[in-house]
>>> print(open('query-v6.tsv').read())   # TSV, C-alpha atoms
chain	number	residue	atom	x	y	z
A	1	MET	CA	20.82	12.23	-19.65
A	2	ASN	CA	22.17	13.62	-22.89
A	3	ALA	CA	19.88	14.23	-25.85
A	4	TYR	CA	22.66	15.62	-28.06
A	5	PRO	CA	25.65	13.29	-27.67
A	6	GLU	CA	27.76	14.66	-30.54
A	7	PHE	CA	27.32	18.31	-29.59
A	8	TYR	CA	27.70	17.53	-25.88
A	9	HIS	CA	30.94	15.69	-26.57
A	10	LEU	CA	32.26	18.61	-28.66
A	11	ALA	CA	31.36	21.15	-25.95
A	12	ALA	CA	32.86	18.96	-23.23
A	13	GLU	CA	36.11	18.38	-25.12
A	14	ARG	CA	36.68	21.99	-26.25
A	15	TYR	CA	39.06	23.86	-23.96
A	16	SER	CA	41.12	27.05	-23.91
A	17	CYS	CA	44.24	25.96	-25.75
A	18	ARG	CA	47.45	27.74	-24.72
A	19	LYS	CA	50.00	25.47	-26.39
A	20	TYR	CA	50.18	25.01	-30.15
A	21	THR	CA	52.34	23.12	-32.62
A	22	ASN	CA	54.18	25.12	-35.27
A	23	ALA	CA	52.10	23.53	-38.06
A	24	PRO	CA	50.43	26.15	-40.25
A	25	VAL	CA	46.66	26.19	-40.60
A	26	SER	CA	45.52	26.15	-44.21
A	27	ARG	CA	43.45	29.02	-45.57
A	28	GLU	CA	40.79	26.44	-46.53
A	29	LEU	CA	40.51	25.29	-42.91
A	30	ILE	CA	40.41	28.87	-41.61
A	31	MET	CA	37.60	29.64	-44.08
A	32	ALA	CA	35.69	26.54	-42.94
A	33	VAL	CA	35.92	27.70	-39.34
A	34	LEU	CA	34.84	31.22	-40.24
A	35	ASP	CA	31.86	29.88	-42.15
A	36	THR	CA	30.49	28.70	-38.78
A	37	VAL	CA	30.69	32.36	-37.66
A	38	ARG	CA	28.60	33.35	-40.66
A	39	LEU	CA	25.90	30.97	-39.43
A	40	ALA	CA	25.76	32.38	-35.89
A	41	PRO	CA	22.51	33.99	-34.75
A	42	SER	CA	22.32	37.60	-33.60
A	43	ALA	CA	19.67	39.92	-32.21
A	44	CYS	CA	17.29	40.84	-35.05
A	45	ASN	CA	19.83	39.22	-37.41
A	46	LYS	CA	21.92	42.41	-37.38
A	47	GLN	CA	25.26	40.48	-37.40
A	48	PRO	CA	27.20	43.46	-35.96
A	49	TRP	CA	30.64	41.94	-36.43
A	50	LYS	CA	33.70	41.57	-38.58
A	51	PHE	CA	36.47	39.01	-38.12
A	52	LEU	CA	40.03	39.82	-39.15
A	53	VAL	CA	42.45	36.97	-39.87
A	54	LEU	CA	46.03	37.79	-38.91
A	55	ASP	CA	48.50	35.22	-40.24
A	56	THR	CA	51.56	37.18	-41.36
A	57	PRO	CA	54.46	38.04	-39.04
A	58	GLU	CA	53.72	41.77	-39.33
A	59	LEU	CA	50.03	41.36	-38.42
A	60	ARG	CA	50.74	38.76	-35.73
A	61	ASP	CA	53.15	41.22	-34.11
A	62	ILE	CA	50.25	43.61	-33.44
A	63	VAL	CA	48.57	40.96	-31.29
A	64	ILE	CA	51.82	39.98	-29.58
A	65	ARG	CA	52.44	43.62	-28.61
A	66	SER	CA	48.88	43.95	-27.27
A	67	TYR	CA	49.01	40.90	-24.97
A	68	SER	CA	51.76	40.31	-22.43
A	69	ARG	CA	51.72	36.52	-22.08
A	70	ASP	CA	54.27	34.52	-24.08
A	71	TRP	CA	52.13	31.47	-24.86
A	72	ILE	CA	50.18	33.42	-27.50
A	73	LYS	CA	53.27	33.64	-29.72
A	74	GLU	CA	52.98	29.91	-30.51
A	75	ALA	CA	49.63	30.14	-32.32
A	76	PRO	CA	50.11	30.38	-36.09
A	77	VAL	CA	47.00	32.49	-36.69
A	78	TYR	CA	44.94	35.01	-34.76
A	79	ILE	CA	41.38	36.00	-35.45
A	80	VAL	CA	40.28	39.36	-34.10
A	81	ALA	CA	36.56	39.66	-33.38
A	82	LEU	CA	35.32	43.18	-33.98
A	83	GLY	CA	32.06	44.70	-32.78
A	84	LEU	CA	30.10	47.19	-34.86
A	85	HIS	CA	28.04	49.03	-32.25
A	86	ASP	CA	26.31	51.27	-34.76
A	87	GLU	CA	24.99	48.20	-36.62
A	88	ALA	CA	23.81	46.27	-33.55
A	89	TRP	CA	20.31	45.91	-32.22
A	90	HIS	CA	19.57	48.12	-29.21
A	91	ARG	CA	16.71	47.15	-26.91
A	92	SER	CA	13.99	49.81	-27.05
A	93	PHE	CA	13.11	49.68	-23.35
A	94	ASP	CA	16.53	50.68	-22.03
A	95	GLY	CA	18.82	51.10	-25.05
A	96	LYS	CA	20.92	48.03	-24.19
A	97	ASP	CA	23.48	47.47	-26.95
A	98	HIS	CA	23.68	43.78	-27.91
A	99	THR	CA	27.00	43.96	-29.79
A	100	ASP	CA	28.96	42.10	-27.11
A	101	VAL	CA	26.27	39.43	-26.82
A	102	ASP	CA	26.11	38.89	-30.58
A	103	VAL	CA	29.88	38.83	-31.05
A	104	SER	CA	30.20	36.37	-28.15
A	105	ILE	CA	27.75	33.99	-29.81
A	106	ALA	CA	29.71	34.22	-33.06
A	107	VAL	CA	33.04	33.67	-31.27
A	108	GLU	CA	31.68	30.57	-29.57
A	109	HIS	CA	30.57	29.27	-32.97
A	110	LEU	CA	34.14	29.92	-34.14
A	111	CYS	CA	35.66	28.07	-31.18
A	112	LEU	CA	33.35	25.06	-31.49
A	113	GLY	CA	33.77	25.00	-35.27
A	114	ALA	CA	37.56	25.01	-34.85
A	115	ALA	CA	37.38	22.23	-32.24
A	116	SER	CA	35.25	20.10	-34.56
A	117	LEU	CA	38.08	20.35	-37.12
A	118	GLY	CA	40.85	19.44	-34.67
A	119	LEU	CA	42.00	23.00	-34.00
A	120	GLY	CA	42.56	24.66	-30.64
A	121	THR	CA	41.43	28.16	-29.72
A	122	CYS	CA	41.37	30.45	-26.71
A	123	TRP	CA	39.32	33.57	-26.05
A	124	VAL	CA	41.64	36.45	-25.20
A	125	CYS	CA	39.99	39.56	-23.85
A	126	ASN	CA	42.75	41.00	-21.63
A	127	PHE	CA	44.64	42.82	-24.38
A	128	ASP	CA	45.39	46.49	-25.05
A	129	PRO	CA	42.67	47.55	-27.50
A	130	ALA	CA	44.52	50.78	-28.38
A	131	ILE	CA	47.44	48.79	-29.82
A	132	VAL	CA	45.06	46.60	-31.83
A	133	ARG	CA	42.99	49.57	-32.97
A	134	GLU	CA	46.02	51.51	-34.18
A	135	GLY	CA	47.85	48.53	-35.68
A	136	LEU	CA	44.83	47.38	-37.67
A	137	ASN	CA	43.67	50.89	-38.65
A	138	LEU	CA	40.25	50.38	-37.09
A	139	PRO	CA	37.71	53.17	-37.47
A	140	ASP	CA	36.29	54.73	-34.28
A	141	ASN	CA	32.98	52.86	-34.61
A	142	VAL	CA	34.70	49.43	-34.66
A	143	GLU	CA	35.66	47.87	-31.32
A	144	PRO	CA	38.16	45.02	-30.95
A	145	ILE	CA	36.30	42.68	-28.59
A	146	ALA	CA	38.34	39.47	-28.52
A	147	ILE	CA	41.43	37.88	-30.00
A	148	ILE	CA	41.22	34.18	-30.78
A	149	PRO	CA	44.56	32.42	-31.29
A	150	MET	CA	44.03	29.32	-33.41
A	151	GLY	CA	46.21	26.38	-34.34
A	152	TYR	CA	46.82	22.70	-33.80
A	153	PRO	CA	46.98	21.86	-30.08
A	154	ASP	CA	50.36	20.64	-28.87
A	155	SER	CA	49.18	18.00	-26.43
A	156	ASP	CA	49.03	14.29	-25.93
A	157	GLY	CA	45.33	14.33	-26.74
A	158	THR	CA	44.07	14.56	-23.17
A	159	VAL	CA	41.65	17.33	-22.39
A	160	PRO	CA	42.65	19.46	-19.40
A	161	GLU	CA	40.26	19.27	-16.47
A	162	LYS	CA	37.59	21.94	-16.65
A	163	LYS	CA	36.39	23.33	-13.35
A	164	ARG	CA	32.67	23.90	-13.73
A	165	LYS	CA	30.02	24.66	-11.16
A	166	PRO	CA	27.60	21.83	-10.41
A	167	PHE	CA	24.36	21.83	-12.36
A	168	ASP	CA	22.23	22.71	-9.32
A	169	GLU	CA	24.30	25.87	-8.71
A	170	ILE	CA	23.58	27.34	-12.13
A	171	VAL	CA	20.05	26.16	-12.94
A	172	LYS	CA	16.88	27.05	-11.08
A	173	TRP	CA	13.29	26.21	-11.98
A	174	GLY	CA	10.74	28.98	-11.71
A	175	LYS	CA	11.49	32.23	-9.89
A	176	TYR	CA	14.96	33.15	-8.68
>>> encode(input="query-v6.tsv", output="structure tokens")
Amino acid sequence: MNAYPEFYHLAAERYSCRKYTNAPVSRELIMAVLDTVRLAPSACNKQPWKFLVLDTPELRDIVIRSYSRDWIKEAPVYIVALGLHDEAWHRSFDGKDHTDVDVSIAVEHLCLGAASLGLGTCWVCNFDPAIVREGLNLPDNVEPIAIIPMGYPDSDGTVPEKKRKPFDEIVKWGKY
């Protein structure tokens, strides 16, 4: 039972791409993807984020030095998602900072937007933030949260199998 066939298909087909062609991604296409980020919701509409596009060899080298796996070198462009904790909404009851939540929503918009345009992406969170912070001259109040390599997938068009928990393991009705 699927009430949203186009969106469901997009979500089902999107995967973490770790193999890219060497074709460049046009600035126009990058801007179209990033416009989906601009549309992402956030707590109290604070939008506590910035997204840096790294597409030159010098800037790409910062990411390559911060992440030890070779596959990332193939992607022609990286987008670094930055969190602005001092601009985020903080829940009054316990002070919970929603920066990570808001940036995650925006990154998922980015990944789905890229997939809708035929581009592959992958969330990368296991990187050395000190290298990224220093290389990109980030102020102390700006946190590098994720790196998103982006490019044209180098595949035969088949979507890798996604291992997902069954519906009844993740959804409950009523109380826990």
>>> residues_around(input="query-v6.tsv", residues="range 150-156 of chain A", least_positions_apart="3", cutoff="6 Å", atoms="only C-alpha atoms", output="ChimeraX atom specification")
/A:19-21,75-78,119-121
>>> residues_around(input="query-v6.tsv", residues="Ser66 in chain A", least_positions_apart="4", cutoff="8 Å", atoms="all atoms listed in the file", output="list in words")
Ile62, Phe127, Asp128, Pro129, Ile131 and Val132 of chain A
>>> atom_distance(input="query-v6.tsv", atom1="CA of Ile148 in chain A", atom2="CA of Val80 in chain A")
6.2 Å
>>> residues_around(input="query-v6.tsv", residues="Asp97 in chain A", least_positions_apart="4", cutoff="10 Å", atoms="all atoms listed in the file", output="list in words")
Ala43, His85, Asp86, Glu87, Ala88, Trp89, His90, Arg91, Ser92, Val101 and Asp102 of chain A
>>> residues_around(input="query-v6.tsv", residues="range 47-51 of chain A", least_positions_apart="2", cutoff="7 Å", atoms="only C-alpha atoms", output="list in words")
Ser42, Asn45, Val53, Ile79, Val80, Ala81, Leu82, Gly83, Leu84, His85, Glu87, Ala88, Thr99 and Val103 of chain A
>>> atom_distance(input="query-v6.tsv", atom1="CA of Val142 in chain A", atom2="CA of His109 in chain A")
20.6 Å
>>> closest_residue(input="query-v6.tsv", among="A:Glu169, A:Glu6, A:Asp35, A:Glu143", to="Cys111 in chain A", atoms="all atoms listed in the file")
A:Asp35
